[in-house]
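S.K.: Pasting my_file_31.txt here (compact mmCIF, C-alpha atoms and all ligand atoms):
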```
# COMPACT_ATOMS: atom_id res chain seq x y z
CA MET A 1 -38.48 -41.88 -7.77
CA LYS A 2 -38.39 -43.01 -4.17
CA LEU A 3 -37.16 -46.60 -3.99
CA ILE A 4 -38.16 -48.79 -1.07
CA ARG A 5 -37.78 -52.43 -0.08
CA VAL A 6 -40.52 -54.02 1.97
CA GLY A 7 -40.69 -57.31 3.85
CA GLU A 8 -38.93 -59.41 6.45
CA PRO A 9 -35.11 -59.24 6.66
CA GLY A 10 -33.54 -60.96 3.67
CA ARG A 11 -36.92 -61.33 1.94
CA GLU A 12 -37.65 -57.73 0.99
CA ARG A 13 -39.40 -56.92 -2.29
CA PRO A 14 -38.50 -53.85 -4.31
CA GLY A 15 -41.04 -51.07 -4.51
CA VAL A 16 -41.61 -47.45 -5.35
CA LEU A 17 -43.17 -45.03 -2.88
CA LEU A 18 -45.67 -42.73 -4.59
CA GLY A 19 -46.48 -39.18 -3.51
CA ASP A 20 -49.69 -40.28 -1.79
CA GLY A 21 -47.84 -42.86 0.28
CA THR A 22 -48.84 -45.84 -1.90
CA ARG A 23 -46.20 -48.57 -1.97
CA VAL A 24 -46.11 -50.08 -5.47
CA ASP A 25 -44.59 -53.55 -5.84
CA VAL A 26 -42.17 -53.31 -8.77
CA SER A 27 -40.79 -56.87 -8.57
CA SER A 28 -42.39 -57.74 -11.94
CA CYS A 29 -40.14 -55.07 -13.52
CA VAL A 30 -36.87 -55.41 -11.58
CA PRO A 31 -35.72 -58.23 -9.26
CA ASP A 32 -34.07 -56.03 -6.64
CA PHE A 33 -32.16 -52.79 -6.08
CA ASP A 34 -28.67 -54.23 -6.27
CA GLU A 35 -25.39 -53.74 -8.11
CA ALA A 36 -26.86 -55.11 -11.38
CA PHE A 37 -29.87 -52.80 -11.09
CA PHE A 38 -27.89 -49.62 -10.47
CA GLY A 39 -25.05 -50.56 -12.83
CA GLY A 40 -27.33 -51.62 -15.69
CA ASP A 41 -30.22 -49.56 -16.92
CA GLY A 42 -32.43 -50.48 -13.97
CA LEU A 43 -33.37 -46.94 -12.99
CA ALA A 44 -34.25 -45.98 -16.57
CA THR A 45 -36.20 -49.22 -17.10
CA LEU A 46 -38.18 -48.64 -13.93
CA ALA A 47 -38.87 -45.00 -14.80
CA ARG A 48 -40.25 -46.10 -18.18
CA TRP A 49 -42.31 -48.94 -16.69
CA LEU A 50 -43.86 -47.01 -13.82
CA PRO A 51 -46.29 -44.61 -15.53
CA GLY A 52 -48.14 -47.37 -17.40
CA ASN A 53 -48.06 -49.94 -14.61
CA ALA A 54 -48.18 -48.17 -11.26
CA SER A 55 -51.97 -48.20 -11.01
CA SER A 56 -52.36 -51.91 -11.78
CA ALA A 57 -49.24 -53.30 -10.05
CA PRO A 58 -49.67 -55.07 -6.69
CA ARG A 59 -49.30 -53.02 -3.50
CA LEU A 60 -46.80 -53.67 -0.76
CA GLY A 61 -48.20 -53.63 2.78
CA ALA A 62 -48.47 -50.07 4.07
CA ARG A 63 -47.54 -51.24 7.57
CA ASP A 64 -45.06 -53.92 6.62
CA ARG A 65 -41.42 -53.52 7.60
CA LEU A 66 -39.19 -51.31 5.48
CA GLY A 67 -35.82 -52.87 4.75
CA PRO A 68 -32.80 -50.87 3.67
CA PRO A 69 -33.67 -49.37 0.26
CA LEU A 70 -30.94 -51.32 -1.52
CA ARG A 71 -29.54 -54.83 -1.37
CA ARG A 72 -26.32 -55.28 0.62
CA PRO A 73 -23.67 -53.37 -1.37
CA SER A 74 -19.99 -54.17 -1.90
CA LYS A 75 -19.03 -51.51 0.62
CA ILE A 76 -20.12 -48.74 2.92
CA VAL A 77 -17.49 -46.00 2.97
CA CYS A 78 -17.81 -43.37 5.68
CA ILE A 79 -16.32 -39.90 5.91
CA GLY A 80 -15.06 -38.78 9.31
CA LEU A 81 -14.95 -35.24 10.70
CA ASN A 82 -16.67 -33.67 7.68
CA PHE A 83 -18.37 -30.90 9.70
CA ARG A 84 -16.24 -28.30 11.49
CA ASP A 85 -18.46 -28.17 14.57
CA HIS A 86 -18.33 -31.96 14.95
CA ALA A 87 -14.54 -32.05 14.59
CA ALA A 88 -14.35 -29.36 17.27
CA GLU A 89 -16.65 -31.19 19.71
CA THR A 90 -14.56 -34.34 19.45
CA GLY A 91 -11.32 -32.38 19.93
CA ALA A 92 -10.03 -33.34 16.47
CA ALA A 93 -8.30 -31.04 14.00
CA ILE A 94 -10.10 -29.94 10.80
CA PRO A 95 -8.92 -32.50 8.24
CA ALA A 96 -6.85 -31.29 5.29
CA GLU A 97 -8.19 -34.18 3.17
CA PRO A 98 -11.28 -36.35 3.70
CA VAL A 99 -10.94 -38.89 6.52
CA ILE A 100 -12.08 -42.29 5.24
CA PHE A 101 -13.16 -45.37 7.13
CA PHE A 102 -15.21 -48.46 6.41
CA LYS A 103 -18.37 -49.76 8.00
CA SER A 104 -19.22 -53.43 7.66
CA THR A 105 -22.01 -54.07 5.13
CA THR A 106 -23.55 -56.55 7.59
CA ALA A 107 -24.43 -53.53 9.76
CA LEU A 108 -27.08 -52.52 7.22
CA VAL A 109 -30.71 -52.70 8.40
CA GLY A 110 -34.08 -51.12 7.78
CA PRO A 111 -34.72 -47.54 8.87
CA ASN A 112 -36.99 -48.41 11.77
CA ASP A 113 -35.40 -51.65 12.95
CA PRO A 114 -34.28 -51.73 16.58
CA LEU A 115 -30.68 -50.87 17.38
CA VAL A 116 -29.29 -53.97 19.06
CA THR A 117 -26.69 -52.96 21.63
CA PRO A 118 -23.50 -54.94 20.96
CA ARG A 119 -22.25 -57.21 23.71
CA ASN A 120 -19.80 -55.50 26.08
CA SER A 121 -20.65 -52.07 24.74
CA THR A 122 -20.92 -49.03 27.00
CA LYS A 123 -20.85 -46.04 24.63
CA VAL A 124 -23.39 -46.41 21.80
CA ASP A 125 -23.72 -43.07 19.98
CA TRP A 126 -25.77 -41.57 17.12
CA GLU A 127 -24.78 -39.73 13.92
CA VAL A 128 -27.35 -38.40 11.42
CA GLU A 129 -25.79 -38.47 7.94
CA LEU A 130 -26.54 -38.01 4.26
CA ALA A 131 -25.78 -41.25 2.41
CA VAL A 132 -24.88 -41.13 -1.27
CA VAL A 133 -25.58 -44.20 -3.40
CA ILE A 134 -23.34 -44.84 -6.40
CA GLY A 135 -25.09 -45.44 -9.72
CA LYS A 136 -22.19 -46.03 -12.07
CA THR A 137 -18.72 -47.50 -11.52
CA ALA A 138 -16.41 -44.73 -10.38
CA ARG A 139 -12.66 -44.94 -10.96
CA TYR A 140 -10.48 -41.79 -11.12
CA VAL A 141 -13.53 -39.59 -11.61
CA PRO A 142 -13.01 -35.82 -11.97
CA GLU A 143 -15.12 -33.68 -9.64
CA ALA A 144 -16.94 -32.14 -12.62
CA GLN A 145 -18.27 -35.58 -13.59
CA ALA A 146 -18.88 -36.93 -10.10
CA TYR A 147 -22.68 -36.49 -10.12
CA ASP A 148 -22.91 -38.72 -13.20
CA HIS A 149 -21.88 -41.54 -10.88
CA VAL A 150 -24.55 -40.88 -8.22
CA ALA A 151 -27.84 -42.82 -8.28
CA GLY A 152 -29.41 -41.03 -5.34
CA TYR A 153 -29.48 -40.29 -1.64
CA ALA A 154 -30.79 -41.72 1.60
CA LEU A 155 -30.96 -40.98 5.30
CA HIS A 156 -28.41 -42.86 7.40
CA ASN A 157 -27.67 -43.13 11.11
CA ASP A 158 -23.96 -43.97 11.43
CA TYR A 159 -24.21 -45.66 14.83
CA SER A 160 -20.93 -45.89 16.68
CA GLU A 161 -19.65 -47.62 19.80
CA ARG A 162 -17.14 -45.11 21.07
CA SER A 163 -15.22 -47.39 23.40
CA PHE A 164 -14.71 -49.92 20.59
CA GLN A 165 -13.89 -47.08 18.17
CA LEU A 166 -11.52 -45.05 20.32
CA GLU A 167 -10.31 -47.09 23.28
CA ARG A 168 -9.56 -50.52 21.85
CA GLY A 169 -6.75 -49.68 19.41
CA GLY A 170 -6.63 -49.89 15.65
CA GLN A 171 -9.08 -48.44 13.19
CA TRP A 172 -12.51 -46.86 13.69
CA VAL A 173 -14.17 -49.71 11.76
CA LYS A 174 -14.27 -51.68 15.03
CA GLY A 175 -16.74 -49.27 16.58
CA LYS A 176 -18.87 -48.77 13.45
CA SER A 177 -19.70 -52.24 12.25
CA ALA A 178 -21.95 -54.08 14.70
CA ASP A 179 -25.17 -55.58 13.35
CA THR A 180 -27.92 -52.92 13.09
CA PHE A 181 -25.38 -50.05 13.16
CA ALA A 182 -26.40 -48.81 9.69
CA PRO A 183 -30.14 -48.12 9.47
CA LEU A 184 -30.67 -46.76 5.96
CA GLY A 185 -33.80 -45.15 4.53
CA PRO A 186 -36.87 -44.94 4.65
CA TYR A 187 -36.24 -44.66 0.91
CA LEU A 188 -33.59 -43.96 -1.69
CA ALA A 189 -34.46 -40.71 -3.48
CA THR A 190 -33.09 -40.73 -7.01
CA ARG A 191 -30.75 -37.89 -7.94
CA ASP A 192 -33.43 -35.98 -9.90
CA GLU A 193 -35.46 -35.65 -6.67
CA VAL A 194 -32.61 -33.88 -4.88
CA PRO A 195 -31.42 -31.01 -7.09
CA ASP A 196 -28.90 -29.75 -4.53
CA PRO A 197 -27.67 -32.25 -1.91
CA GLN A 198 -25.77 -29.47 -0.13
CA ARG A 199 -28.91 -27.61 0.94
CA LEU A 200 -30.73 -30.15 3.07
CA GLY A 201 -31.72 -29.59 6.67
CA MET A 202 -30.83 -32.50 8.96
CA TRP A 203 -31.80 -33.31 12.54
CA LEU A 204 -31.77 -36.01 15.18
CA LYS A 205 -33.64 -36.41 18.46
CA VAL A 206 -33.05 -38.71 21.41
CA ASN A 207 -36.16 -39.40 23.50
CA GLY A 208 -37.86 -36.42 21.84
CA GLU A 209 -35.07 -33.90 22.47
CA TYR A 210 -33.10 -32.39 19.61
CA ARG A 211 -29.44 -33.39 19.71
CA GLN A 212 -28.36 -32.55 16.16
CA ARG A 213 -29.68 -29.74 13.91
CA SER A 214 -27.67 -28.67 10.91
CA SER A 215 -27.56 -28.61 7.14
CA THR A 216 -25.66 -30.60 4.57
CA GLY A 217 -24.46 -27.14 3.48
CA ASN A 218 -22.05 -27.22 6.43
CA MET A 219 -20.00 -30.10 5.09
CA ILE A 220 -16.29 -29.41 4.65
CA PHE A 221 -16.02 -31.70 1.61
CA ALA A 222 -19.10 -31.74 -0.63
CA VAL A 223 -20.59 -34.75 -2.41
CA PRO A 224 -18.75 -34.38 -5.76
CA VAL A 225 -15.45 -33.83 -3.95
CA LEU A 226 -15.99 -37.00 -1.93
CA VAL A 227 -16.97 -39.18 -4.92
CA SER A 228 -13.97 -37.96 -6.89
CA TYR A 229 -11.61 -38.26 -3.94
CA LEU A 230 -12.64 -41.81 -3.01
CA SER A 231 -12.38 -42.91 -6.63
CA GLN A 232 -8.67 -42.06 -6.58
CA PHE A 233 -8.11 -44.79 -3.99
CA MET A 234 -10.70 -47.46 -4.76
CA THR A 235 -13.29 -48.41 -7.37
CA LEU A 236 -16.78 -47.47 -6.28
CA LEU A 237 -19.33 -49.97 -7.57
CA PRO A 238 -22.99 -49.35 -8.37
CA GLY A 239 -24.99 -49.60 -5.15
CA ASP A 240 -22.03 -48.68 -2.93
CA VAL A 241 -22.89 -46.30 -0.11
CA ILE A 242 -20.88 -43.25 0.94
CA SER A 243 -21.92 -41.80 4.29
CA THR A 244 -20.83 -38.19 4.26
CA GLY A 245 -20.28 -37.36 7.93
CA THR A 246 -22.21 -35.96 10.84
CA PRO A 247 -22.64 -32.47 12.32
CA ALA A 248 -22.14 -31.54 15.99
CA GLY A 249 -24.45 -32.88 18.67
CA VAL A 250 -23.34 -36.48 19.14
CA GLY A 251 -23.29 -38.06 22.59
CA LEU A 252 -19.49 -38.03 22.68
CA GLY A 253 -19.50 -34.24 22.45
CA MET A 254 -22.09 -33.52 25.12
CA LYS A 255 -21.21 -31.26 28.07
CA PRO A 256 -20.42 -31.46 30.91
CA GLU A 257 -19.86 -35.10 30.01
CA PRO A 258 -20.72 -37.49 27.20
CA VAL A 259 -24.17 -39.12 27.16
CA TYR A 260 -24.67 -42.48 25.46
CA LEU A 261 -27.66 -44.60 24.50
CA LYS A 262 -29.20 -47.26 26.71
CA PRO A 263 -31.94 -49.84 26.15
CA GLY A 264 -35.34 -48.18 25.96
CA ASP A 265 -34.06 -44.96 24.41
CA VAL A 266 -35.62 -43.88 21.12
CA VAL A 267 -33.67 -42.13 18.36
CA GLU A 268 -35.50 -40.26 15.59
CA LEU A 269 -33.85 -38.50 12.68
CA GLY A 270 -34.53 -36.95 9.33
CA ILE A 271 -33.11 -35.13 6.34
CA GLU A 272 -35.14 -32.73 4.24
CA GLY A 273 -36.51 -34.60 1.22
CA LEU A 274 -35.21 -37.96 2.44
CA GLY A 275 -37.79 -38.80 5.08
CA GLU A 276 -37.45 -39.85 8.69
CA SER A 277 -36.44 -42.95 10.60
CA ARG A 278 -36.75 -44.21 14.15
CA GLN A 279 -34.77 -46.74 16.14
CA GLU A 280 -35.46 -48.08 19.60
CA ILE A 281 -32.37 -49.18 21.53
CA VAL A 282 -32.63 -52.78 22.75
CA PRO A 283 -30.31 -54.90 24.94
CA PRO A 284 -27.68 -57.27 23.52
CA ILE A 285 -28.81 -60.66 22.21
ZN ZN A 301 -20.21 -40.85 10.81
```
Any chance you could put this one into structure tokens?
M.R.:
Amino acid sequence: MKLIRVGEPGRERPGVLLGDGTRVDVSSCVPDFDEAFFGGDGLATLARWLPGNASSAPRLGARDRLGPPLRRPSKIVCIGLNFRDHAAETGAAIPAEPVIFFKSTTALVGPNDPLVTPRNSTKVDWEVELAVVIGKTARYVPEAQAYDHVAGYALHNDYSERSFQLERGGQWVKGKSADTFAPLGPYLATRDEVPDPQRLGMWLKVNGEYRQRSSTGNMIFAVPVLVSYLSQFMTLLPGDVISTGTPAGVGLGMKPEPVYLKPGDVVELGIEGLGESRQEIVPPI
């Protein structure tokens, strides 16, 4: 299934995107795609309900705004420097263990919402990433069982403000957490739709020009390694998001000098099987 949420911010309704593009309103079956949904039997209930009800259920507006495909989770955990070429372009060493940082959950927005430049920012940058959504509480999970704890996958742009991240002291979270810095979606593809999450092409364009082109196959630490690893340090709750890192081609790594986003720029990105998203950069509010 492809899970979507449609409507104005904070008032999204849960839906399922069918193969022909139809958006089926599933709010009569499940209230929302949240921790209770993923942690209970929400996915199974919905999968049972859909075949008999999809044709008669109300439709969600085909042109209405897409929200993030899940309700605000308990945490967004990001993995840093998980592609060799990206580590190299930033001048960082290849990590011996996964680099972990947090992104504020208030950064979460719909896939095509504008990117609002934070006040006093000068170095807004892009990062196409595969996001993993947890489906079952994960605590000290062995790698061999890690996929049992995954509900599905989504496209994520891990926006970053490099001067906040790298020049203002402290942890990276400062440059990762502004409102609108986590556009997620267009949809959450359930695990059965993505047989091998390490074989997905990924790309990102700025103003129509390719900046990132890679594959999730180039990750240093693969999805089951990351789920298992994180679960040694914290409990992952249903609905939690793990963003698995970005390949080379970010603004920070551009030669002869870095190039950052400015109001009016348009960023488009996609991952094979997970759809595409588009953000226009707008000035601070
Ligand atoms: Zn990132």
S.K.: Between CA of Leu66 (chain A) and CA of Arg23 (chain A), measure the distance and give it in Å to one decimal.
M.R.: 10.6 Å
S.K.: To one decimal in Å, tell me the separation between CA of Pro9 (chain A) and CA of Thr45 (chain A).
M.R.: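 Taking CA of Pro9 (chain A) and CA of Thr45 (chain A), their separation equals 25.8 Å.
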S.K.: Show me which residues are within 12 Å of ligand ZN 301 (chain A) counting all atoms listed in the file, and format the list as a PyMOL selection string.
M.R.: chain A and resi 76-83+86-87+99-103+125-131+156-162+165+172-173+175-177+181-182+242-250
S.K.: Considering all atoms listed in the file, state which residue in the set A:Ser228, A:Ser27, A:Ser277, A:Thr117 is at the smallest distance from Arg139 (chain A).
M.R.: A:Ser228
S.K.: Find, counting all atoms listed in the file, the residue in A:Gln212, A:Gln232, A:Gln145, A:Thr22 that gets nearest to Met254 (chain A).
M.R.: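 Smallest separation from Met254 (chain A) among the options: A:Gln212.
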S.K.: Can you pull out every residue within 7 Å of Pro14 (chain A), counting only C-alpha atoms, but drop anything in the same chain fewer than 3 positions away, and send it as a ChimeraX atom specification?
M.R.: /A:4-6,25-27,32-33
S.K.: Tell me which of A:Glu97, A:Glu12, A:Asp179, A:Asp85 sits closest to Leu115 (chain A), counting only C-alpha atoms.
M.R.: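 Checking each of A:Glu97, A:Glu12, A:Asp179, A:Asp85 against Leu115 (chain A), counting only C-alpha atoms, the winner is A:Asp179.
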